[in-house]
$ cat work-v7.cif   # mmCIF, C-alpha atoms
data_protein
#
loop_
_atom_site.label_atom_id
_atom_site.label_comp_id
_atom_site.auth_asym_id
_atom_site.auth_seq_id
_atom_site.Cartn_x
_atom_site.Cartn_y
_atom_site.Cartn_z
CA MET A 1 -73.91 2.04 -34.92
CA ILE A 2 -75.11 4.40 -32.20
CA ILE A 3 -71.89 6.42 -31.97
CA GLU A 4 -72.04 7.47 -35.64
CA ARG A 5 -75.63 8.58 -35.18
CA VAL A 6 -74.75 10.66 -32.14
CA LEU A 7 -71.87 12.31 -34.02
CA ILE A 8 -74.14 13.08 -37.00
CA PHE A 9 -76.65 14.55 -34.57
CA PHE A 10 -73.95 16.79 -33.10
CA ILE A 11 -73.01 17.99 -36.60
CA PHE A 12 -76.68 18.78 -37.18
CA ILE A 13 -77.04 20.68 -33.89
CA THR A 14 -73.80 22.60 -34.56
CA GLY A 15 -75.09 23.71 -37.94
CA PHE A 16 -78.47 24.63 -36.51
CA ILE A 17 -77.02 26.71 -33.68
CA GLY A 18 -74.69 28.40 -36.15
CA LEU A 19 -77.64 29.13 -38.42
CA ILE A 20 -79.84 30.74 -35.76
CA SER A 21 -77.38 32.34 -33.33
CA MET A 22 -74.52 33.74 -35.41
CA LYS A 23 -74.60 37.42 -36.30
CA ASN A 24 -72.29 37.13 -39.31
CA ILE A 25 -73.97 36.12 -42.56
CA ILE A 26 -71.00 34.07 -43.77
CA LYS A 27 -71.09 32.03 -40.54
CA LYS A 28 -74.79 31.49 -41.05
CA ILE A 29 -74.11 30.11 -44.53
CA ILE A 30 -71.45 27.79 -43.10
CA GLY A 31 -74.05 26.57 -40.59
CA LEU A 32 -76.48 25.86 -43.43
CA ASN A 33 -73.80 23.81 -45.18
CA LEU A 34 -73.19 21.84 -41.99
CA LEU A 35 -76.91 21.04 -41.82
CA THR A 36 -76.86 19.74 -45.40
CA SER A 37 -73.74 17.67 -44.76
CA SER A 38 -75.23 16.04 -41.67
CA VAL A 39 -78.34 14.99 -43.58
CA VAL A 40 -76.22 13.57 -46.41
CA LEU A 41 -74.10 11.63 -43.93
CA LEU A 42 -77.21 10.25 -42.23
CA PHE A 43 -78.61 8.95 -45.51
CA ILE A 44 -75.31 7.34 -46.53
CA LEU A 45 -75.06 5.72 -43.10
CA GLU A 46 -78.58 4.33 -43.38
CA ALA A 47 -77.86 2.94 -46.84
CA SER A 48 -74.69 1.22 -45.65
CA ARG A 49 -76.51 -0.80 -42.99
CA ILE A 50 -77.57 -3.60 -45.31
CA GLY A 51 -74.34 -4.11 -47.20
CA ASP A 52 -70.66 -3.38 -47.30
CA GLU A 53 -69.65 -3.08 -50.96
CA ALA A 54 -69.95 -0.25 -53.46
CA PRO A 55 -73.05 -0.50 -55.68
CA ILE A 56 -71.13 -1.31 -58.86
CA ILE A 57 -72.18 -4.63 -60.21
CA ASP A 58 -69.62 -7.11 -61.51
CA ASN A 59 -69.01 -10.79 -60.89
CA LYS A 60 -67.27 -10.40 -57.57
CA VAL A 61 -69.65 -8.29 -55.49
CA GLN A 62 -72.26 -10.05 -53.41
CA ASN A 63 -73.52 -7.67 -50.75
CA ILE A 64 -73.92 -4.14 -52.10
CA VAL A 65 -75.23 -1.16 -50.15
CA ASP A 66 -78.58 0.36 -51.02
CA PRO A 67 -77.97 2.67 -54.01
CA ILE A 68 -81.23 4.63 -53.76
CA PRO A 69 -80.20 6.94 -50.87
CA GLN A 70 -76.93 7.63 -52.72
CA ALA A 71 -78.82 8.69 -55.85
CA LEU A 72 -81.08 10.88 -53.70
CA MET A 73 -78.14 12.50 -51.97
CA LEU A 74 -76.65 13.40 -55.35
CA THR A 75 -79.68 15.65 -55.79
CA ALA A 76 -79.35 16.99 -52.25
CA ILE A 77 -75.67 17.90 -52.75
CA VAL A 78 -76.33 19.74 -56.02
CA ILE A 79 -79.22 21.68 -54.50
CA GLY A 80 -77.06 22.47 -51.46
CA VAL A 81 -74.47 23.97 -53.80
CA CYS A 82 -77.21 26.01 -55.50
CA VAL A 83 -78.48 27.34 -52.17
CA THR A 84 -74.95 28.20 -51.05
CA ALA A 85 -74.16 30.07 -54.27
CA LEU A 86 -77.38 32.04 -54.15
CA SER A 87 -77.00 32.97 -50.48
CA LEU A 88 -73.36 33.98 -50.96
CA ALA A 89 -74.38 36.22 -53.86
CA MET A 90 -77.02 37.82 -51.65
CA ALA A 91 -74.44 38.28 -48.89
CA VAL A 92 -72.11 40.05 -51.34
CA ARG A 93 -75.00 42.25 -52.44
CA LEU A 94 -75.88 43.14 -48.82
CA TYR A 95 -72.27 43.92 -48.05
CA LYS A 96 -71.95 46.22 -51.06
CA THR A 97 -75.19 47.98 -50.15
CA THR A 98 -74.76 48.42 -46.40
CA GLY A 99 -71.06 47.95 -45.81
CA SER A 100 -71.38 45.26 -43.18
CA LEU A 101 -71.93 41.53 -42.77
CA ASP A 102 -73.45 41.76 -39.26
CA ILE A 103 -77.21 41.31 -39.48
CA GLU A 104 -78.00 43.77 -36.70
CA ILE A 105 -75.88 46.51 -38.25
CA ILE A 106 -77.45 45.75 -41.64
CA LYS A 107 -80.94 46.05 -40.13
CA GLN A 108 -80.03 49.30 -38.37
CA ARG A 109 -78.56 50.86 -41.52
CA LEU A 110 -81.49 49.81 -43.67
CA GLU A 111 -83.87 51.35 -41.12
CA ASP A 112 -81.81 54.54 -41.15
CA ASP A 113 -82.08 54.64 -44.93
CA CYS A 114 -85.83 54.27 -44.79
CA GLU A 115 -86.32 57.18 -42.40
CA MET B 1 -75.54 38.58 -27.18
CA ASN B 2 -78.04 39.70 -24.58
CA LYS B 3 -79.90 37.44 -22.19
CA ARG B 4 -83.19 37.40 -24.05
CA SER B 5 -81.82 36.29 -27.42
CA PHE B 6 -79.72 33.66 -25.66
CA PHE B 7 -82.88 32.32 -24.02
CA LYS B 8 -84.66 32.21 -27.39
CA ILE B 9 -81.80 30.32 -29.01
CA PHE B 10 -81.69 27.89 -26.11
CA ILE B 11 -85.42 27.15 -26.32
CA THR B 12 -85.29 26.66 -30.11
CA THR B 13 -82.35 24.31 -29.86
CA PHE B 14 -84.09 22.39 -27.09
CA ILE B 15 -87.20 21.87 -29.22
CA VAL B 16 -85.16 20.86 -32.27
CA PHE B 17 -83.19 18.49 -30.05
CA PHE B 18 -86.30 16.54 -29.16
CA ILE B 19 -87.72 16.58 -32.69
CA ILE B 20 -84.57 15.55 -34.55
CA LEU B 21 -82.94 13.19 -32.05
CA PRO B 22 -85.54 10.38 -32.38
CA ILE B 23 -85.29 10.57 -36.19
CA ILE B 24 -81.52 10.21 -36.18
CA ILE B 25 -81.20 7.72 -33.34
CA SER B 26 -84.06 5.40 -34.36
CA ASN B 27 -82.79 2.00 -35.32
CA THR B 28 -85.53 0.48 -37.44
CA SER B 29 -84.39 -2.09 -39.96
CA TRP B 30 -83.66 -0.77 -43.45
CA PRO B 31 -85.69 -2.52 -46.19
CA THR B 32 -83.64 -4.67 -48.57
CA LEU B 33 -86.31 -5.14 -51.25
CA ALA B 34 -85.21 -2.31 -53.56
CA ARG B 35 -81.54 -3.21 -53.12
CA ASP B 36 -82.15 -6.83 -54.09
CA TYR B 37 -84.22 -5.86 -57.12
CA LEU B 38 -81.55 -3.43 -58.35
CA PHE B 39 -78.80 -5.95 -57.72
CA GLU B 40 -80.57 -8.50 -59.88
CA MET B 41 -82.06 -6.34 -62.62
CA ALA B 42 -80.33 -2.96 -62.93
CA LEU B 43 -77.50 -4.09 -65.18
CA ASP B 44 -79.83 -5.87 -67.56
CA GLU B 45 -82.48 -3.18 -67.65
CA THR B 46 -80.33 -0.09 -68.08
CA GLY B 47 -76.93 -1.36 -69.18
CA ALA B 48 -75.05 0.55 -66.48
CA ALA B 49 -72.94 -1.40 -63.99
CA ASN B 50 -72.94 1.58 -61.64
CA THR B 51 -76.30 1.22 -59.96
CA VAL B 52 -76.44 4.86 -58.88
CA SER B 53 -76.06 5.89 -62.52
CA SER B 54 -78.74 3.46 -63.56
CA ILE B 55 -81.11 5.04 -61.03
CA TYR B 56 -80.59 8.70 -61.85
CA LEU B 57 -80.22 8.27 -65.61
CA GLY B 58 -82.44 5.26 -66.13
CA TYR B 59 -85.26 4.78 -63.68
CA ARG B 60 -85.49 8.38 -62.46
CA LEU B 61 -84.46 10.48 -65.46
CA LEU B 62 -87.32 12.92 -64.87
CA ASP B 63 -85.89 13.73 -61.41
CA THR B 64 -82.51 14.44 -62.96
CA LEU B 65 -84.03 16.81 -65.50
CA GLY B 66 -85.76 18.66 -62.64
CA GLU B 67 -82.47 18.79 -60.76
CA THR B 68 -80.65 20.35 -63.69
CA LEU B 69 -83.51 22.85 -63.98
CA VAL B 70 -83.07 23.77 -60.31
CA LEU B 71 -79.35 24.24 -60.90
CA PHE B 72 -80.10 26.36 -63.97
CA VAL B 73 -82.52 28.64 -62.09
CA ALA B 74 -80.13 29.06 -59.16
CA ILE B 75 -77.27 29.96 -61.51
CA ILE B 76 -79.47 32.50 -63.31
CA GLY B 77 -80.40 34.09 -59.98
CA THR B 78 -76.81 34.20 -58.75
CA MET B 79 -75.49 35.65 -62.00
CA SER B 80 -78.20 38.32 -62.16
CA ILE B 81 -77.47 39.40 -58.59
CA LEU B 82 -73.73 39.45 -59.20
CA SER B 83 -73.77 41.09 -62.64
CA ASN B 84 -75.60 44.24 -61.50
CA LEU B 85 -73.10 44.48 -58.69
CA HIS B 86 -70.01 44.52 -60.85
CA LYS B 87 -71.35 47.21 -63.15
CA GLN B 88 -71.47 49.59 -60.20
CA SER B 89 -68.20 48.92 -58.52
CA LEU B 90 -65.75 47.08 -60.71
CA GLN B 91 -63.55 50.11 -61.25
CA SER B 92 -62.87 50.76 -57.60
CA ILE B 93 -62.50 47.24 -56.24
CA GLU B 94 -59.84 44.93 -57.64
CA THR B 95 -60.07 41.29 -56.76
CA TYR B 96 -57.43 40.11 -54.39
CA SER B 97 -56.26 37.13 -56.41
CA LYS B 98 -55.85 39.23 -59.55
CA LEU B 99 -53.35 41.61 -58.05
CA PRO B 100 -49.71 41.08 -58.91
CA LEU B 101 -47.45 40.11 -56.08
CA GLU B 102 -45.93 43.48 -55.29
CA LYS B 103 -49.31 45.08 -54.69
CA ARG B 104 -50.28 42.62 -51.98
CA ALA B 105 -48.49 44.55 -49.31
CA LYS B 106 -50.96 43.74 -46.58
CA ASN B 107 -50.23 40.05 -46.54
CA SER B 108 -46.55 39.36 -46.92
CA LEU B 109 -46.99 35.61 -46.50
CA ARG B 110 -48.85 35.38 -49.80
CA THR B 111 -46.65 34.02 -52.58
CA ASN B 112 -47.02 33.16 -56.24
CA LEU B 113 -47.24 29.48 -55.31
CA VAL B 114 -51.00 29.26 -55.76
CA GLU B 115 -50.91 30.72 -59.27
CA VAL B 116 -48.07 28.50 -60.48
CA VAL B 117 -49.38 25.26 -58.98
CA ALA B 118 -52.98 25.95 -60.00
CA SER B 119 -52.16 26.63 -63.63
CA LYS B 120 -50.00 23.50 -63.80
CA LEU B 121 -52.63 21.31 -62.16
CA GLY B 122 -55.58 22.67 -64.11
CA PRO B 123 -55.24 20.65 -67.35
CA ILE B 124 -54.56 17.42 -65.43
CA ILE B 125 -57.69 17.87 -63.32
CA LEU B 126 -59.62 18.70 -66.50
CA LEU B 127 -58.54 15.35 -67.94
CA PHE B 128 -59.48 13.54 -64.72
CA GLY B 129 -62.90 15.21 -64.74
CA LEU B 130 -63.48 14.05 -68.31
CA TYR B 131 -62.49 10.51 -67.26
CA VAL B 132 -64.91 10.50 -64.32
CA MET B 133 -67.63 11.89 -66.59
CA LEU B 134 -67.13 9.41 -69.43
CA TYR B 135 -66.74 6.29 -67.29
CA GLY B 136 -69.63 7.10 -64.96
CA HIS B 137 -71.67 4.09 -66.03
CA ILE B 138 -69.14 1.40 -65.14
CA SER B 139 -67.08 2.95 -62.34
CA PRO B 140 -67.61 5.33 -59.42
CA GLY B 141 -68.54 8.71 -60.81
CA GLY B 142 -71.01 10.13 -63.25
CA GLY B 143 -72.17 13.36 -64.77
CA PHE B 144 -72.56 15.43 -61.62
CA GLN B 145 -69.34 14.29 -60.01
CA GLY B 146 -67.31 14.72 -63.19
CA GLY B 147 -68.94 18.10 -63.72
CA VAL B 148 -67.85 19.30 -60.28
CA ILE B 149 -64.28 18.15 -61.01
CA LEU B 150 -64.41 20.01 -64.34
CA ALA B 151 -65.59 23.11 -62.49
CA SER B 152 -62.67 22.93 -60.05
CA ALA B 153 -60.27 22.50 -62.99
CA ILE B 154 -61.66 25.59 -64.70
CA VAL B 155 -61.35 27.52 -61.43
CA PHE B 156 -57.73 26.39 -61.19
CA LEU B 157 -57.13 27.65 -64.73
CA ALA B 158 -58.72 30.96 -63.78
CA LEU B 159 -56.60 31.26 -60.64
CA GLY B 160 -53.39 30.56 -62.47
CA THR B 161 -51.62 33.17 -64.53
CA GLU B 162 -49.33 30.91 -66.57
CA VAL B 163 -51.87 29.28 -68.87
CA LYS B 164 -54.16 31.49 -70.91
CA SER B 165 -57.31 29.52 -71.57
CA LYS B 166 -60.55 30.52 -73.20
CA LEU B 167 -62.37 28.32 -70.72
CA THR B 168 -62.03 31.00 -68.06
CA ASN B 169 -64.12 33.43 -70.09
CA THR B 170 -67.67 33.36 -68.77
CA ASN B 171 -69.18 34.01 -72.21
CA VAL B 172 -67.59 30.81 -73.57
CA LEU B 173 -68.80 28.95 -70.47
CA PHE B 174 -72.34 30.19 -70.99
CA LYS B 175 -72.28 29.07 -74.61
CA ILE B 176 -71.16 25.56 -73.61
CA GLU B 177 -73.78 25.48 -70.87
CA SER B 178 -76.69 26.44 -73.09
CA PHE B 179 -75.54 24.05 -75.81
CA SER B 180 -75.35 21.13 -73.39
CA PHE B 181 -78.69 21.94 -71.79
CA ILE B 182 -80.48 22.12 -75.15
CA SER B 183 -78.78 18.87 -76.19
CA LEU B 184 -79.87 17.23 -72.93
CA ILE B 185 -83.51 18.11 -73.60
CA LEU B 186 -83.20 17.06 -77.26
CA VAL B 187 -81.57 13.74 -76.34
CA THR B 188 -84.32 12.93 -73.86
CA THR B 189 -86.89 13.24 -76.66
CA TYR B 190 -85.48 10.15 -78.35
CA VAL B 191 -88.19 8.14 -76.63
CA VAL B 192 -90.89 9.45 -78.97
CA PHE B 193 -89.62 6.93 -81.50
CA PHE B 194 -90.13 4.02 -79.10
CA PRO B 195 -93.35 2.83 -77.53
CA ASN B 196 -92.16 2.63 -73.93
CA GLY B 197 -93.25 6.08 -72.73
CA PHE B 198 -91.47 9.31 -71.98
CA PHE B 199 -88.23 9.09 -69.97
CA SER B 200 -88.29 5.32 -69.87
CA ASN B 201 -85.64 2.85 -70.88
CA ILE B 202 -86.01 2.11 -74.54
CA ASP B 203 -84.14 -1.12 -74.41
CA THR B 204 -84.34 -3.55 -71.51
CA ASN B 205 -82.03 -6.16 -72.95
CA ASN B 206 -78.59 -4.80 -71.96
CA THR B 207 -77.47 -4.05 -75.51
CA PHE B 208 -75.22 -1.35 -76.87
CA ILE B 209 -77.99 1.26 -77.16
CA SER B 210 -79.11 1.35 -73.53
CA ALA B 211 -75.62 1.99 -72.17
CA SER B 212 -74.74 4.53 -74.88
CA ILE B 213 -77.77 6.66 -73.99
CA ILE B 214 -76.47 6.81 -70.40
CA ILE B 215 -73.00 7.82 -71.64
CA ILE B 216 -74.45 10.66 -73.75
CA LEU B 217 -76.60 11.90 -70.87
CA ASN B 218 -73.59 11.77 -68.54
CA ILE B 219 -71.57 13.91 -70.95
CA MET B 220 -74.35 16.50 -71.30
CA ILE B 221 -75.00 16.71 -67.54
CA GLY B 222 -71.28 16.87 -66.78
CA LEU B 223 -70.67 19.73 -69.21
CA LYS B 224 -73.68 21.63 -67.91
CA VAL B 225 -72.87 21.25 -64.20
CA GLY B 226 -69.18 21.99 -64.72
CA THR B 227 -69.60 25.12 -66.80
CA SER B 228 -72.40 26.58 -64.68
CA LEU B 229 -70.58 26.08 -61.37
CA ALA B 230 -67.33 27.40 -62.85
CA SER B 231 -69.04 30.49 -64.25
CA VAL B 232 -70.56 31.28 -60.86
CA ILE B 233 -67.23 30.91 -59.07
CA ILE B 234 -65.44 33.01 -61.71
CA ALA B 235 -68.13 35.67 -61.35
CA MET B 236 -67.60 35.65 -57.58
CA MET B 237 -63.83 35.95 -58.08
CA GLY B 238 -64.22 39.20 -59.95
CA GLY B 239 -66.61 39.19 -62.84
CA GLN B 240 -65.73 38.70 -66.46
CA ASN B 241 -62.34 37.21 -66.91
CA ASP B 242 -61.35 37.63 -70.54
CA HIS B 243 -57.78 36.66 -71.19
#
$ encode --input "work-v7.cif" --output "structure tokens"
Amino acid sequence: MIIERVLIFFIFITGFIGLISMKNIIKKIIGLNLLTSSVVLLFILEASRIGDEAPIIDNKVQNIVDPIPQALMLTAIVIGVCVTALSLAMAVRLYKTTGSLDIEIIKQRLEDDCE
Amino acid sequence: MNKRSFFKIFITTFIVFFIILPIIISNTSWPTLARDYLFEMALDETGAANTVSSIYLGYRLLDTLGETLVLFVAIIGTMSILSNLHKQSLQSIETYSKLPLEKRAKNSLRTNLVEVVASKLGPIILLFGLYVMLYGHISPGGGFQGGVILASAIVFLALGTEVKSKLTNTNVLFKIESFSFISLILVTTYVVFFPNGFFSNIDTNNTFISASIIIILNIMIGLKVGTSLASVIIAMMGGQNDH
């Protein structure tokens, strides 16, 4: 079980480093999506520790996984999509206004406009 | 990247490493109480064999309504940001996927394959999305999942040039979305006729009514999620698309 956790942690750290260190806005948004995906994977992994069958009840299943983290992650996925759509729209807006996707160039051009 | 910003990023990652690593690595035993209760009672109490459906449309319907509200607000924000944009600059900038083949001189590897395959696959994926949406209470799937498949089918129809469909017009999508959202709120008020309380299961005896409420809610949520996501993606592809 430990190897999956370490891999999920590496996905998390990859997304975090992409979020804070990349200069391109699109790469930042990809990092944010990686963060969301790692959290979703962690919850699904935790839910699957106490069972090994899908949580659909019929006569055959005996040992289902915990369905509550799956229902929670449904919410998390939808809200992740919302955040991605909103941030992509803002990125398009910034690109149309300043002509660049690099945050330092955007900052410089906005400061030039203010002066 | 200069030395100072690299140092800052390194320190931040180091701190996050030691905060997040114990949370992810910790191996405490997962409680089985809720799982056992749902395994015994969920089918009888809500009428849905899919336990995930019975949670988000039965026990936690209020959460689902809040989730659709969050989706609604995010879509409104995205569309308002994007709609001002296209008024300014739609004349000068043509979307790449809308150009006919001979005008795509910059990328000679691009073919008509995407358009042809997408417009052929679109109706089939639409049917599959409806299946996932309608059978969400007894099989893997549900309103949100079926809605996302519907959204991808509508995007396929919008990408393709062979099939002319009214579903790729954002005004039609908005009408479907508002209709399904109003119906969702109206359907959830059925509980005023029953003494169990707001957003609770009206019928805990696994009869026809309890499962049919979940089917209706799945249809409403699926239509709403599908049309709103599809309208955002169509707006990002190049604004209003009226065939």
$ resolve_selection --input "work-v7.cif" --expression "the PyMOL selection byres ((chain B) within 6 of (chain A))" --output "list in words"
Ile25, Arg35, Ala49, Asn50, Thr51, Val52, Ala74 and Thr78 of chain B
$ closest_residue --input "work-v7.cif" --among "B:Ala230, B:Leu113, B:Leu127, B:Ile76" --to "B:Val155" --atoms "only C-alpha atoms"
B:Ala230
$ resolve_selection --input "work-v7.cif" --expression "the PyMOL selection byres ((chain B and resi 9) around 12)" --output "list in words"
Ile13, Phe16, Ile17, Gly18, Leu19, Ile20, Ser21 and Met22 of chain A; Met1, Asn2, Lys3, Arg4, Ser5, Phe6, Phe7, Lys8, Phe10, Ile11, Thr12, Thr13, Phe14, Ile15, Val16 and Phe17 of chain B
$ write_last_selection --input "work-v7.cif" --atoms "C-alpha atoms" --output "mmCIF file, in the frame of the given file"
data_model
loop_
_atom_site.group_PDB
_atom_site.id
_atom_site.type_symbol
_atom_site.label_atom_id
_atom_site.label_comp_id
_atom_site.auth_asym_id
_atom_site.auth_seq_id
_atom_site.Cartn_x
_atom_site.Cartn_y
_atom_site.Cartn_z
ATOM 1 C CA ILE A 13 -77.040 20.680 -33.890
ATOM 2 C CA PHE A 16 -78.470 24.630 -36.510
ATOM 3 C CA ILE A 17 -77.020 26.710 -33.680
ATOM 4 C CA GLY A 18 -74.690 28.400 -36.150
ATOM 5 C CA LEU A 19 -77.640 29.130 -38.420
ATOM 6 C CA ILE A 20 -79.840 30.740 -35.760
ATOM 7 C CA SER A 21 -77.380 32.340 -33.330
ATOM 8 C CA MET A 22 -74.520 33.740 -35.410
ATOM 9 C CA MET B 1 -75.540 38.580 -27.180
ATOM 10 C CA ASN B 2 -78.040 39.700 -24.580
ATOM 11 C CA LYS B 3 -79.900 37.440 -22.190
ATOM 12 C CA ARG B 4 -83.190 37.400 -24.050
ATOM 13 C CA SER B 5 -81.820 36.290 -27.420
ATOM 14 C CA PHE B 6 -79.720 33.660 -25.660
ATOM 15 C CA PHE B 7 -82.880 32.320 -24.020
ATOM 16 C CA LYS B 8 -84.660 32.210 -27.390
ATOM 17 C CA PHE B 10 -81.690 27.890 -26.110
ATOM 18 C CA ILE B 11 -85.420 27.150 -26.320
ATOM 19 C CA THR B 12 -85.290 26.660 -30.110
ATOM 20 C CA THR B 13 -82.350 24.310 -29.860
ATOM 21 C CA PHE B 14 -84.090 22.390 -27.090
ATOM 22 C CA ILE B 15 -87.200 21.870 -29.220
ATOM 23 C CA VAL B 16 -85.160 20.860 -32.270
ATOM 24 C CA PHE B 17 -83.190 18.490 -30.050
#
$ residues_around --input "work-v7.cif" --residues "B:Ser180" --least-positions-apart "6" --cutoff "7 Å" --atoms "all atoms listed in the file" --output "number ranges by chain"
B: 220, 223-224
$ atom_distance --input "work-v7.cif" --atom1 "atom CA of B:Val114" --atom2 "atom CA of B:Leu157"
11.0 Å
$ residues_near_point --input "work-v7.cif" --point "(-75.5, 15.3, -71.1)" --cutoff "9 Å" --atoms "all atoms listed in the file" --output "ChimeraX atom specification"
/B:143,180-181,183-185,187,214-224
$ resolve_selection --input "work-v7.cif" --expression "the PyMOL selection byres ((chain B and resi 232) around 8)" --output "tab-separated table (two decimals) with C-alpha atoms, keeping the file's coordinate frame"
chain	number	residue	atom	x	y	z
A	85	ALA	CA	-74.16	30.07	-54.27
B	75	ILE	CA	-77.27	29.96	-61.51
B	78	THR	CA	-76.81	34.20	-58.75
B	79	MET	CA	-75.49	35.65	-62.00
B	228	SER	CA	-72.40	26.58	-64.68
B	229	LEU	CA	-70.58	26.08	-61.37
B	230	ALA	CA	-67.33	27.40	-62.85
B	231	SER	CA	-69.04	30.49	-64.25
B	233	ILE	CA	-67.23	30.91	-59.07
B	234	ILE	CA	-65.44	33.01	-61.71
B	235	ALA	CA	-68.13	35.67	-61.35
B	236	MET	CA	-67.60	35.65	-57.58
$ axis_aligned_box --input "work-v7.cif" --around "stretch 101-113 of chain A" --padding-each-side "4 Å" --output "AutoDock Vina command-line options"
--center_x -77.9 --center_y 48.0 --center_z -40.8 --size_x 19.9 --size_y 21.3 --size_z 16.2
$ atom_distance --input "work-v7.cif" --atom1 "atom CA of B:Gly129" --atom2 "atom CA of B:Thr227"
12.1 Å
$ atom_distance --input "work-v7.cif" --atom1 "atom CA of B:Thr68" --atom2 "atom CA of B:Phe193"
24.0 Å
$ build_atoms --input "work-v7.cif" --residues "stretch 40-52 of chain B" --atoms "N, CA and C atoms" --output "PDB file, in the frame of the given file"
ATOM      1  N   GLU B  40     -80.277  -7.485 -58.876  1.00  0.00           N
ATOM      2  CA  GLU B  40     -80.570  -8.500 -59.880  1.00  0.00           C
ATOM      3  C   GLU B  40     -80.766  -7.897 -61.267  1.00  0.00           C
ATOM      4  N   MET B  41     -81.505  -6.767 -61.343  1.00  0.00           N
ATOM      5  CA  MET B  41     -82.060  -6.340 -62.620  1.00  0.00           C
ATOM      6  C   MET B  41     -81.422  -5.105 -63.233  1.00  0.00           C
ATOM      7  N   ALA B  42     -80.711  -4.280 -62.430  1.00  0.00           N
ATOM      8  CA  ALA B  42     -80.330  -2.960 -62.930  1.00  0.00           C
ATOM      9  C   ALA B  42     -79.397  -3.045 -64.121  1.00  0.00           C
ATOM     10  N   LEU B  43     -78.456  -3.983 -64.080  1.00  0.00           N
ATOM     11  CA  LEU B  43     -77.500  -4.090 -65.180  1.00  0.00           C
ATOM     12  C   LEU B  43     -78.193  -4.509 -66.472  1.00  0.00           C
ATOM     13  N   ASP B  44     -79.143  -5.416 -66.345  1.00  0.00           N
ATOM     14  CA  ASP B  44     -79.830  -5.870 -67.560  1.00  0.00           C
ATOM     15  C   ASP B  44     -80.796  -4.826 -68.094  1.00  0.00           C
ATOM     16  N   GLU B  45     -81.429  -4.095 -67.182  1.00  0.00           N
ATOM     17  CA  GLU B  45     -82.480  -3.180 -67.650  1.00  0.00           C
ATOM     18  C   GLU B  45     -81.925  -1.874 -68.188  1.00  0.00           C
ATOM     19  N   THR B  46     -80.825  -1.388 -67.622  1.00  0.00           N
ATOM     20  CA  THR B  46     -80.330  -0.090 -68.080  1.00  0.00           C
ATOM     21  C   THR B  46     -78.960  -0.170 -68.730  1.00  0.00           C
ATOM     22  N   GLY B  47     -78.234  -1.239 -68.550  1.00  0.00           N
ATOM     23  CA  GLY B  47     -76.930  -1.360 -69.180  1.00  0.00           C
ATOM     24  C   GLY B  47     -75.814  -0.670 -68.442  1.00  0.00           C
ATOM     25  N   ALA B  48     -76.084  -0.133 -67.245  1.00  0.00           N
ATOM     26  CA  ALA B  48     -75.050   0.550 -66.480  1.00  0.00           C
ATOM     27  C   ALA B  48     -74.672  -0.312 -65.289  1.00  0.00           C
ATOM     28  N   ALA B  49     -73.369  -0.591 -65.139  1.00  0.00           N
ATOM     29  CA  ALA B  49     -72.940  -1.400 -63.990  1.00  0.00           C
ATOM     30  C   ALA B  49     -73.007  -0.601 -62.706  1.00  0.00           C
ATOM     31  N   ASN B  50     -72.829   0.730 -62.823  1.00  0.00           N
ATOM     32  CA  ASN B  50     -72.940   1.580 -61.640  1.00  0.00           C
ATOM     33  C   ASN B  50     -74.423   1.773 -61.344  1.00  0.00           C
ATOM     34  N   THR B  51     -74.866   1.221 -60.220  1.00  0.00           N
ATOM     35  CA  THR B  51     -76.300   1.220 -59.960  1.00  0.00           C
ATOM     36  C   THR B  51     -76.837   2.622 -59.707  1.00  0.00           C
ATOM     37  N   VAL B  52     -75.991   3.492 -59.114  1.00  0.00           N
ATOM     38  CA  VAL B  52     -76.440   4.860 -58.880  1.00  0.00           C
ATOM     39  C   VAL B  52     -76.713   5.561 -60.211  1.00  0.00           C
TER      40      VAL B  52
END
